[in-house]
Number of protein chains: 2
Amino acid sequence: MVDADTADDIEREFYEAMRSGDVGRMMALWSDEEEIVCVHPGSPRIVGPLAIRASYEGVFASGGVAIEPEQVRRVRSHASEVHSVVERLEVETEDGPRTVRVLATNVYLHTGLGWRMVAHHASPGSVGELQEVAETATTLH
Amino acid sequence: MVDADTADDIEREFYEAMRSGDVGRMMALWSDEEEIVCVHPGSPRIVGPLAIRASYEGVFASGGVAIEPEQVRRVRSHASEVHSVVERLEVETEDGPRTVRVLATNVYLHTGLGWRMVAHHASPGSVGELQEVAETATTLH
């Protein structure tokens, strides 16, 4: 069983499932609602548990993914949370290993079974440090 | 005042604010929480109401945006909703006008003031029809 006392538990489990390349573990942390949505970087959206499972089978075909969450921003309410995550990935390129950063939005709902993921949206990544613009950004004023 | 009886009301208002290029109208539909997040296509994430306001001042500098929401998928709970939207934009290019489609995830919470947007994440667009992979997709099996 997934330890799902908090949305953070589910998020930790999500990235551990990514690193381990374990589809069963990945799908156990998603809600089983028909309208759950997953957007892999640069891909069409994928809707529903069966299609999402099939997509992770593709992602994990060559094993786990070297990925770490960073700089998590959270909007919390009683039974839902939105996390904005900078995902740091180590990837092999023609020029050798590179660090890529991807922006992801993860949404969690508290269900009868505990917290579950209902949406994951990741944008195409960029090499190097990703910028964040926040309240203190002087360039905006 | 924003008509905010449902998350769909706020979403309608979001796209009307985009088309009208009205920053005040746009910001009235966002939550005023410090951790609200906006990702414009291909851009860094923007955190907090002041920074998000500044970003829309930039987006609207040359007027409203020709944008229409399509193919909305919703995960609903009592006080939060996640909408996956295909945004259809009409843009001018060197080769003339083109239709571009952008995938967006919009998250709404029910607050003391009614429904409000707390996250908007849009990926870079693609020209032409965007594919969706759903339960019925035969290519996955």
# chains A, B, ... in the order shown; residues from 1 in each chain; ligands from 1
$ interface_residues --of "chain A" --to "chain B" --cutoff "8 Å" --atoms "only C-alpha atoms" --output "number ranges by chain"
A: 33, 35-37, 42, 44-51, 54-55, 73-75, 77, 79-80, 82, 84, 103, 105, 107, 109, 118-119, 121-124, 130-135, 137, 140-141
$ select_by_dssp --residues "chain A" --states "strand (DSSP E)" --output "count of residues only"
59
$ select_by_dssp --residues "chain B" --states "helix (DSSP H, G or I)" --output "VMD selection string"
chain B and resid 7 to 20 23 to 28 49 to 59 138 to 140
$ write_last_selection --atoms "C-alpha atoms" --output "PDB file, in the first residue's frame"
ATOM      1  CA  ALA B   7     -15.164  26.760 -11.733  1.00  0.00           C
ATOM      2  CA  ASP B   8     -16.541  26.904 -15.285  1.00  0.00           C
ATOM      3  CA  ASP B   9     -17.615  30.514 -14.622  1.00  0.00           C
ATOM      4  CA  ILE B  10     -14.044  31.392 -13.689  1.00  0.00           C
ATOM      5  CA  GLU B  11     -12.665  29.574 -16.699  1.00  0.00           C
ATOM      6  CA  ARG B  12     -15.013  31.434 -19.034  1.00  0.00           C
ATOM      7  CA  GLU B  13     -13.924  34.682 -17.406  1.00  0.00           C
ATOM      8  CA  PHE B  14     -10.236  33.721 -17.807  1.00  0.00           C
ATOM      9  CA  TYR B  15     -10.553  33.323 -21.577  1.00  0.00           C
ATOM     10  CA  GLU B  16     -12.682  36.465 -21.883  1.00  0.00           C
ATOM     11  CA  ALA B  17     -10.020  38.405 -19.960  1.00  0.00           C
ATOM     12  CA  MET B  18      -7.414  36.989 -22.367  1.00  0.00           C
ATOM     13  CA  ARG B  19      -9.419  38.100 -25.406  1.00  0.00           C
ATOM     14  CA  SER B  20     -10.142  41.565 -23.969  1.00  0.00           C
ATOM     15  CA  VAL B  23      -5.302  42.939 -16.659  1.00  0.00           C
ATOM     16  CA  GLY B  24      -7.703  44.027 -13.911  1.00  0.00           C
ATOM     17  CA  ARG B  25     -10.320  41.577 -15.104  1.00  0.00           C
ATOM     18  CA  MET B  26      -7.668  38.847 -15.315  1.00  0.00           C
ATOM     19  CA  MET B  27      -6.363  39.372 -11.804  1.00  0.00           C
ATOM     20  CA  ALA B  28      -9.871  39.512 -10.293  1.00  0.00           C
ATOM     21  CA  PRO B  49      -0.172  37.803  -7.600  1.00  0.00           C
ATOM     22  CA  LEU B  50       2.145  40.771  -8.201  1.00  0.00           C
ATOM     23  CA  ALA B  51       4.479  38.879 -10.513  1.00  0.00           C
ATOM     24  CA  ILE B  52       1.553  37.270 -12.353  1.00  0.00           C
ATOM     25  CA  ARG B  53      -0.071  40.694 -12.839  1.00  0.00           C
ATOM     26  CA  ALA B  54       3.182  42.030 -14.275  1.00  0.00           C
ATOM     27  CA  SER B  55       3.429  39.078 -16.660  1.00  0.00           C
ATOM     28  CA  TYR B  56      -0.071  39.706 -18.029  1.00  0.00           C
ATOM     29  CA  GLU B  57       0.748  43.396 -18.488  1.00  0.00           C
ATOM     30  CA  GLY B  58       3.475  42.109 -20.802  1.00  0.00           C
ATOM     31  CA  VAL B  59       1.197  39.615 -22.574  1.00  0.00           C
ATOM     32  CA  THR B 138      -5.880   1.502 -30.150  1.00  0.00           C
ATOM     33  CA  THR B 139      -2.243   2.425 -30.781  1.00  0.00           C
ATOM     34  CA  LEU B 140      -1.492   1.860 -27.126  1.00  0.00           C
TER      35      LEU B 140
END
$ residues_around --residues "B:Leu89" --least-positions-apart "3" --cutoff "9 Å" --atoms "only C-alpha atoms" --output "PDB file with all heavy atoms, in the first residue's frame"
ATOM      1  N   VAL B  65      -5.687  38.597 -26.803  1.00  0.00           N
ATOM      2  CA  VAL B  65      -5.169  37.407 -27.469  1.00  0.00           C
ATOM      3  C   VAL B  65      -6.350  36.635 -28.064  1.00  0.00           C
ATOM      4  O   VAL B  65      -7.342  36.386 -27.371  1.00  0.00           O
ATOM      5  CB  VAL B  65      -4.412  36.514 -26.457  1.00  0.00           C
ATOM      6  CG1 VAL B  65      -3.897  35.244 -27.118  1.00  0.00           C
ATOM      7  CG2 VAL B  65      -3.277  37.295 -25.801  1.00  0.00           C
ATOM      8  N   ALA B  66      -6.247  36.268 -29.352  1.00  0.00           N
ATOM      9  CA  ALA B  66      -7.316  35.497 -30.006  1.00  0.00           C
ATOM     10  C   ALA B  66      -7.227  34.046 -29.554  1.00  0.00           C
ATOM     11  O   ALA B  66      -6.471  33.253 -30.112  1.00  0.00           O
ATOM     12  CB  ALA B  66      -7.184  35.604 -31.519  1.00  0.00           C
ATOM     13  N   ILE B  67      -7.973  33.700 -28.512  1.00  0.00           N
ATOM     14  CA  ILE B  67      -7.835  32.380 -27.884  1.00  0.00           C
ATOM     15  C   ILE B  67      -9.211  31.824 -27.554  1.00  0.00           C
ATOM     16  O   ILE B  67     -10.104  32.547 -27.127  1.00  0.00           O
ATOM     17  CB  ILE B  67      -6.953  32.485 -26.613  1.00  0.00           C
ATOM     18  CG1 ILE B  67      -6.621  31.106 -26.022  1.00  0.00           C
ATOM     19  CG2 ILE B  67      -7.594  33.384 -25.565  1.00  0.00           C
ATOM     20  CD1 ILE B  67      -5.535  31.174 -24.944  1.00  0.00           C
ATOM     21  N   GLU B  68      -9.380  30.516 -27.804  1.00  0.00           N
ATOM     22  CA  GLU B  68     -10.631  29.835 -27.472  1.00  0.00           C
ATOM     23  C   GLU B  68     -10.311  28.500 -26.805  1.00  0.00           C
ATOM     24  O   GLU B  68      -9.468  27.757 -27.295  1.00  0.00           O
ATOM     25  CB  GLU B  68     -11.451  29.547 -28.741  1.00  0.00           C
ATOM     26  CG  GLU B  68     -11.982  30.769 -29.442  1.00  0.00           C
ATOM     27  CD  GLU B  68     -13.155  31.432 -28.703  1.00  0.00           C
ATOM     28  OE1 GLU B  68     -13.736  30.784 -27.810  1.00  0.00           O
ATOM     29  OE2 GLU B  68     -13.466  32.588 -29.032  1.00  0.00           O
ATOM     30  N   PRO B  69     -10.992  28.189 -25.701  1.00  0.00           N
ATOM     31  CA  PRO B  69     -10.806  26.880 -25.075  1.00  0.00           C
ATOM     32  C   PRO B  69     -11.594  25.803 -25.803  1.00  0.00           C
ATOM     33  O   PRO B  69     -12.704  26.035 -26.273  1.00  0.00           O
ATOM     34  CB  PRO B  69     -11.361  27.092 -23.663  1.00  0.00           C
ATOM     35  CG  PRO B  69     -12.397  28.147 -23.822  1.00  0.00           C
ATOM     36  CD  PRO B  69     -11.934  29.044 -24.951  1.00  0.00           C
ATOM     37  N   ARG B  98      -1.971  31.631 -38.710  1.00  0.00           N
ATOM     38  CA  ARG B  98      -1.928  30.208 -38.423  1.00  0.00           C
ATOM     39  C   ARG B  98      -2.728  29.919 -37.155  1.00  0.00           C
ATOM     40  O   ARG B  98      -2.821  30.745 -36.263  1.00  0.00           O
ATOM     41  CB  ARG B  98      -0.491  29.729 -38.190  1.00  0.00           C
ATOM     42  CG  ARG B  98       0.340  29.631 -39.429  1.00  0.00           C
ATOM     43  CD  ARG B  98      -0.040  28.407 -40.276  1.00  0.00           C
ATOM     44  NE  ARG B  98       0.752  28.301 -41.498  1.00  0.00           N
ATOM     45  CZ  ARG B  98       0.552  28.996 -42.607  1.00  0.00           C
ATOM     46  NH1 ARG B  98      -0.444  29.872 -42.653  1.00  0.00           N
ATOM     47  NH2 ARG B  98       1.327  28.819 -43.667  1.00  0.00           N
ATOM     48  N   THR B  99      -3.281  28.708 -37.089  1.00  0.00           N
ATOM     49  CA  THR B  99      -3.929  28.239 -35.871  1.00  0.00           C
ATOM     50  C   THR B  99      -2.934  27.388 -35.088  1.00  0.00           C
ATOM     51  O   THR B  99      -2.335  26.467 -35.637  1.00  0.00           O
ATOM     52  CB  THR B  99      -5.166  27.390 -36.213  1.00  0.00           C
ATOM     53  OG1 THR B  99      -6.109  28.213 -36.907  1.00  0.00           O
ATOM     54  CG2 THR B  99      -5.814  26.845 -34.946  1.00  0.00           C
ATOM     55  N   VAL B 100      -2.747  27.737 -33.823  1.00  0.00           N
ATOM     56  CA  VAL B 100      -1.823  27.017 -32.956  1.00  0.00           C
ATOM     57  C   VAL B 100      -2.624  26.446 -31.797  1.00  0.00           C
ATOM     58  O   VAL B 100      -3.557  27.089 -31.303  1.00  0.00           O
ATOM     59  CB  VAL B 100      -0.723  27.967 -32.431  1.00  0.00           C
ATOM     60  CG1 VAL B 100       0.145  27.291 -31.378  1.00  0.00           C
ATOM     61  CG2 VAL B 100       0.132  28.470 -33.578  1.00  0.00           C
ATOM     62  N   ARG B 101      -2.278  25.241 -31.364  1.00  0.00           N
ATOM     63  CA  ARG B 101      -2.949  24.664 -30.208  1.00  0.00           C
ATOM     64  C   ARG B 101      -1.963  24.450 -29.064  1.00  0.00           C
ATOM     65  O   ARG B 101      -0.846  23.979 -29.278  1.00  0.00           O
ATOM     66  CB  ARG B 101      -3.657  23.359 -30.584  1.00  0.00           C
ATOM     67  CG  ARG B 101      -4.936  23.645 -31.368  1.00  0.00           C
ATOM     68  CD  ARG B 101      -5.699  22.390 -31.717  1.00  0.00           C
ATOM     69  NE  ARG B 101      -7.012  22.729 -32.251  1.00  0.00           N
ATOM     70  CZ  ARG B 101      -7.263  23.100 -33.505  1.00  0.00           C
ATOM     71  NH1 ARG B 101      -6.269  23.196 -34.360  1.00  0.00           N
ATOM     72  NH2 ARG B 101      -8.488  23.393 -33.885  1.00  0.00           N
ATOM     73  N   VAL B 102      -2.408  24.856 -27.893  1.00  0.00           N
ATOM     74  CA  VAL B 102      -1.594  24.844 -26.684  1.00  0.00           C
ATOM     75  C   VAL B 102      -2.323  23.994 -25.640  1.00  0.00           C
ATOM     76  O   VAL B 102      -3.543  24.113 -25.481  1.00  0.00           O
ATOM     77  CB  VAL B 102      -1.406  26.291 -26.170  1.00  0.00           C
ATOM     78  CG1 VAL B 102      -0.875  26.318 -24.752  1.00  0.00           C
ATOM     79  CG2 VAL B 102      -0.509  27.088 -27.111  1.00  0.00           C
ATOM     80  N   GLY B 125       3.003  25.569 -27.920  1.00  0.00           N
ATOM     81  CA  GLY B 125       1.974  25.070 -28.812  1.00  0.00           C
ATOM     82  C   GLY B 125       2.516  24.332 -30.010  1.00  0.00           C
ATOM     83  O   GLY B 125       3.703  24.287 -30.268  1.00  0.00           O
TER      84      GLY B 125
END
$ atom_distance --atom1 "atom CA of B:Met117" --atom2 "atom CA of B:Glu70"
18.1 Å
$ atom_distance --atom1 "atom CA of A:Trp115" --atom2 "atom CA of B:His40"
28.1 Å
$ atom_distance --atom1 "atom CA of A:Gln71" --atom2 "atom CA of B:Arg116"
24.0 Å
$ closest_residue --among "A:Glu87, A:Asp5, A:Asp22, A:Glu92" --to "A:Gly114" --atoms "only C-alpha atoms"
A:Asp5
$ decode --residues "stretch 50-81 of chain B" --atoms "N, CA, C and O atoms" --output "PDB file, in the first residue's frame"
ATOM      1  N   LEU B  50       1.507  39.591  -7.609  1.00  0.00           N
ATOM      2  CA  LEU B  50       2.145  40.771  -8.201  1.00  0.00           C
ATOM      3  C   LEU B  50       2.933  40.405  -9.447  1.00  0.00           C
ATOM      4  O   LEU B  50       2.864  41.098 -10.472  1.00  0.00           O
ATOM      5  N   ALA B  51       3.681  39.308  -9.359  1.00  0.00           N
ATOM      6  CA  ALA B  51       4.479  38.879 -10.513  1.00  0.00           C
ATOM      7  C   ALA B  51       3.575  38.404 -11.653  1.00  0.00           C
ATOM      8  O   ALA B  51       3.863  38.648 -12.830  1.00  0.00           O
ATOM      9  N   ILE B  52       2.485  37.730 -11.310  1.00  0.00           N
ATOM     10  CA  ILE B  52       1.553  37.270 -12.353  1.00  0.00           C
ATOM     11  C   ILE B  52       0.895  38.473 -13.035  1.00  0.00           C
ATOM     12  O   ILE B  52       0.772  38.522 -14.265  1.00  0.00           O
ATOM     13  N   ARG B  53       0.492  39.474 -12.248  1.00  0.00           N
ATOM     14  CA  ARG B  53      -0.071  40.694 -12.839  1.00  0.00           C
ATOM     15  C   ARG B  53       0.919  41.316 -13.828  1.00  0.00           C
ATOM     16  O   ARG B  53       0.554  41.661 -14.957  1.00  0.00           O
ATOM     17  N   ALA B  54       2.169  41.430 -13.405  1.00  0.00           N
ATOM     18  CA  ALA B  54       3.182  42.030 -14.275  1.00  0.00           C
ATOM     19  C   ALA B  54       3.341  41.233 -15.567  1.00  0.00           C
ATOM     20  O   ALA B  54       3.523  41.800 -16.648  1.00  0.00           O
ATOM     21  N   SER B  55       3.256  39.903 -15.461  1.00  0.00           N
ATOM     22  CA  SER B  55       3.429  39.078 -16.660  1.00  0.00           C
ATOM     23  C   SER B  55       2.283  39.302 -17.645  1.00  0.00           C
ATOM     24  O   SER B  55       2.495  39.335 -18.855  1.00  0.00           O
ATOM     25  N   TYR B  56       1.058  39.469 -17.117  1.00  0.00           N
ATOM     26  CA  TYR B  56      -0.071  39.706 -18.029  1.00  0.00           C
ATOM     27  C   TYR B  56      -0.031  41.112 -18.613  1.00  0.00           C
ATOM     28  O   TYR B  56      -0.510  41.337 -19.728  1.00  0.00           O
ATOM     29  N   GLU B  57       0.540  42.066 -17.889  1.00  0.00           N
ATOM     30  CA  GLU B  57       0.748  43.396 -18.488  1.00  0.00           C
ATOM     31  C   GLU B  57       1.636  43.258 -19.725  1.00  0.00           C
ATOM     32  O   GLU B  57       1.413  43.917 -20.737  1.00  0.00           O
ATOM     33  N   GLY B  58       2.629  42.367 -19.646  1.00  0.00           N
ATOM     34  CA  GLY B  58       3.475  42.109 -20.802  1.00  0.00           C
ATOM     35  C   GLY B  58       2.717  41.409 -21.922  1.00  0.00           C
ATOM     36  O   GLY B  58       2.786  41.821 -23.079  1.00  0.00           O
ATOM     37  N   VAL B  59       1.957  40.373 -21.565  1.00  0.00           N
ATOM     38  CA  VAL B  59       1.197  39.615 -22.574  1.00  0.00           C
ATOM     39  C   VAL B  59       0.214  40.531 -23.300  1.00  0.00           C
ATOM     40  O   VAL B  59       0.021  40.430 -24.518  1.00  0.00           O
ATOM     41  N   PHE B  60      -0.396  41.472 -22.566  1.00  0.00           N
ATOM     42  CA  PHE B  60      -1.451  42.325 -23.137  1.00  0.00           C
ATOM     43  C   PHE B  60      -0.917  43.648 -23.687  1.00  0.00           C
ATOM     44  O   PHE B  60      -1.710  44.526 -24.051  1.00  0.00           O
ATOM     45  N   ALA B  61       0.407  43.799 -23.725  1.00  0.00           N
ATOM     46  CA  ALA B  61       0.984  45.085 -24.154  1.00  0.00           C
ATOM     47  C   ALA B  61       0.499  45.467 -25.546  1.00  0.00           C
ATOM     48  O   ALA B  61       0.319  46.655 -25.846  1.00  0.00           O
ATOM     49  N   SER B  62       0.281  44.456 -26.402  1.00  0.00           N
ATOM     50  CA  SER B  62      -0.197  44.773 -27.750  1.00  0.00           C
ATOM     51  C   SER B  62      -1.657  44.361 -27.924  1.00  0.00           C
ATOM     52  O   SER B  62      -2.123  44.145 -29.041  1.00  0.00           O
ATOM     53  N   GLY B  63      -2.400  44.266 -26.824  1.00  0.00           N
ATOM     54  CA  GLY B  63      -3.841  43.992 -26.900  1.00  0.00           C
ATOM     55  C   GLY B  63      -4.210  42.577 -26.492  1.00  0.00           C
ATOM     56  O   GLY B  63      -3.377  41.821 -25.991  1.00  0.00           O
ATOM     57  N   GLY B  64      -5.477  42.247 -26.735  1.00  0.00           N
ATOM     58  CA  GLY B  64      -5.977  40.934 -26.334  1.00  0.00           C
ATOM     59  C   GLY B  64      -5.425  39.819 -27.212  1.00  0.00           C
ATOM     60  O   GLY B  64      -4.792  40.069 -28.242  1.00  0.00           O
ATOM     61  N   VAL B  65      -5.687  38.597 -26.803  1.00  0.00           N
ATOM     62  CA  VAL B  65      -5.169  37.407 -27.469  1.00  0.00           C
ATOM     63  C   VAL B  65      -6.350  36.635 -28.064  1.00  0.00           C
ATOM     64  O   VAL B  65      -7.342  36.386 -27.371  1.00  0.00           O
ATOM     65  N   ALA B  66      -6.247  36.268 -29.352  1.00  0.00           N
ATOM     66  CA  ALA B  66      -7.316  35.497 -30.006  1.00  0.00           C
ATOM     67  C   ALA B  66      -7.227  34.046 -29.554  1.00  0.00           C
ATOM     68  O   ALA B  66      -6.471  33.253 -30.112  1.00  0.00           O
ATOM     69  N   ILE B  67      -7.973  33.700 -28.512  1.00  0.00           N
ATOM     70  CA  ILE B  67      -7.835  32.380 -27.884  1.00  0.00           C
ATOM     71  C   ILE B  67      -9.211  31.824 -27.554  1.00  0.00           C
ATOM     72  O   ILE B  67     -10.104  32.547 -27.127  1.00  0.00           O
ATOM     73  N   GLU B  68      -9.380  30.516 -27.804  1.00  0.00           N
ATOM     74  CA  GLU B  68     -10.631  29.835 -27.472  1.00  0.00           C
ATOM     75  C   GLU B  68     -10.311  28.500 -26.805  1.00  0.00           C
ATOM     76  O   GLU B  68      -9.468  27.757 -27.295  1.00  0.00           O
ATOM     77  N   PRO B  69     -10.992  28.189 -25.701  1.00  0.00           N
ATOM     78  CA  PRO B  69     -10.806  26.880 -25.075  1.00  0.00           C
ATOM     79  C   PRO B  69     -11.594  25.803 -25.803  1.00  0.00           C
ATOM     80  O   PRO B  69     -12.704  26.035 -26.273  1.00  0.00           O
ATOM     81  N   GLU B  70     -10.982  24.619 -25.920  1.00  0.00           N
ATOM     82  CA  GLU B  70     -11.627  23.477 -26.590  1.00  0.00           C
ATOM     83  C   GLU B  70     -11.371  22.221 -25.767  1.00  0.00           C
ATOM     84  O   GLU B  70     -10.393  22.146 -25.026  1.00  0.00           O
ATOM     85  N   GLN B  71     -12.191  21.205 -25.974  1.00  0.00           N
ATOM     86  CA  GLN B  71     -11.916  19.852 -25.471  1.00  0.00           C
ATOM     87  C   GLN B  71     -11.515  19.850 -24.002  1.00  0.00           C
ATOM     88  O   GLN B  71     -10.456  19.353 -23.641  1.00  0.00           O
ATOM     89  N   VAL B  72     -12.375  20.425 -23.166  1.00  0.00           N
ATOM     90  CA  VAL B  72     -12.067  20.531 -21.740  1.00  0.00           C
ATOM     91  C   VAL B  72     -12.334  19.197 -21.045  1.00  0.00           C
ATOM     92  O   VAL B  72     -13.403  18.610 -21.199  1.00  0.00           O
ATOM     93  N   ARG B  73     -11.362  18.718 -20.296  1.00  0.00           N
ATOM     94  CA  ARG B  73     -11.476  17.529 -19.445  1.00  0.00           C
ATOM     95  C   ARG B  73     -11.413  18.017 -18.003  1.00  0.00           C
ATOM     96  O   ARG B  73     -10.565  18.837 -17.668  1.00  0.00           O
ATOM     97  N   ARG B  74     -12.294  17.493 -17.154  1.00  0.00           N
ATOM     98  CA  ARG B  74     -12.386  17.998 -15.783  1.00  0.00           C
ATOM     99  C   ARG B  74     -12.268  16.874 -14.756  1.00  0.00           C
ATOM    100  O   ARG B  74     -12.929  15.847 -14.882  1.00  0.00           O
ATOM    101  N   VAL B  75     -11.451  17.108 -13.730  1.00  0.00           N
ATOM    102  CA  VAL B  75     -11.489  16.305 -12.506  1.00  0.00           C
ATOM    103  C   VAL B  75     -12.083  17.196 -11.435  1.00  0.00           C
ATOM    104  O   VAL B  75     -11.542  18.252 -11.123  1.00  0.00           O
ATOM    105  N   ARG B  76     -13.236  16.781 -10.911  1.00  0.00           N
ATOM    106  CA  ARG B  76     -13.974  17.630  -9.976  1.00  0.00           C
ATOM    107  C   ARG B  76     -13.949  17.035  -8.580  1.00  0.00           C
ATOM    108  O   ARG B  76     -14.078  15.825  -8.403  1.00  0.00           O
ATOM    109  N   SER B  77     -13.830  17.909  -7.577  1.00  0.00           N
ATOM    110  CA  SER B  77     -14.123  17.488  -6.216  1.00  0.00           C
ATOM    111  C   SER B  77     -14.940  18.601  -5.569  1.00  0.00           C
ATOM    112  O   SER B  77     -15.289  19.586  -6.229  1.00  0.00           O
ATOM    113  N   HIS B  78     -15.227  18.441  -4.291  1.00  0.00           N
ATOM    114  CA  HIS B  78     -16.122  19.366  -3.611  1.00  0.00           C
ATOM    115  C   HIS B  78     -15.669  20.816  -3.742  1.00  0.00           C
ATOM    116  O   HIS B  78     -16.465  21.700  -4.071  1.00  0.00           O
ATOM    117  N   ALA B  79     -14.398  21.070  -3.518  1.00  0.00           N
ATOM    118  CA  ALA B  79     -13.916  22.459  -3.442  1.00  0.00           C
ATOM    119  C   ALA B  79     -12.720  22.726  -4.341  1.00  0.00           C
ATOM    120  O   ALA B  79     -12.028  23.736  -4.184  1.00  0.00           O
ATOM    121  N   SER B  80     -12.471  21.813  -5.303  1.00  0.00           N
ATOM    122  CA  SER B  80     -11.385  22.074  -6.251  1.00  0.00           C
ATOM    123  C   SER B  80     -11.677  21.378  -7.570  1.00  0.00           C
ATOM    124  O   SER B  80     -12.379  20.358  -7.601  1.00  0.00           O
ATOM    125  N   GLU B  81     -11.174  21.959  -8.647  1.00  0.00           N
ATOM    126  CA  GLU B  81     -11.319  21.334  -9.962  1.00  0.00           C
ATOM    127  C   GLU B  81     -10.030  21.525 -10.753  1.00  0.00           C
ATOM    128  O   GLU B  81      -9.391  22.569 -10.672  1.00  0.00           O
TER     129      GLU B  81
END
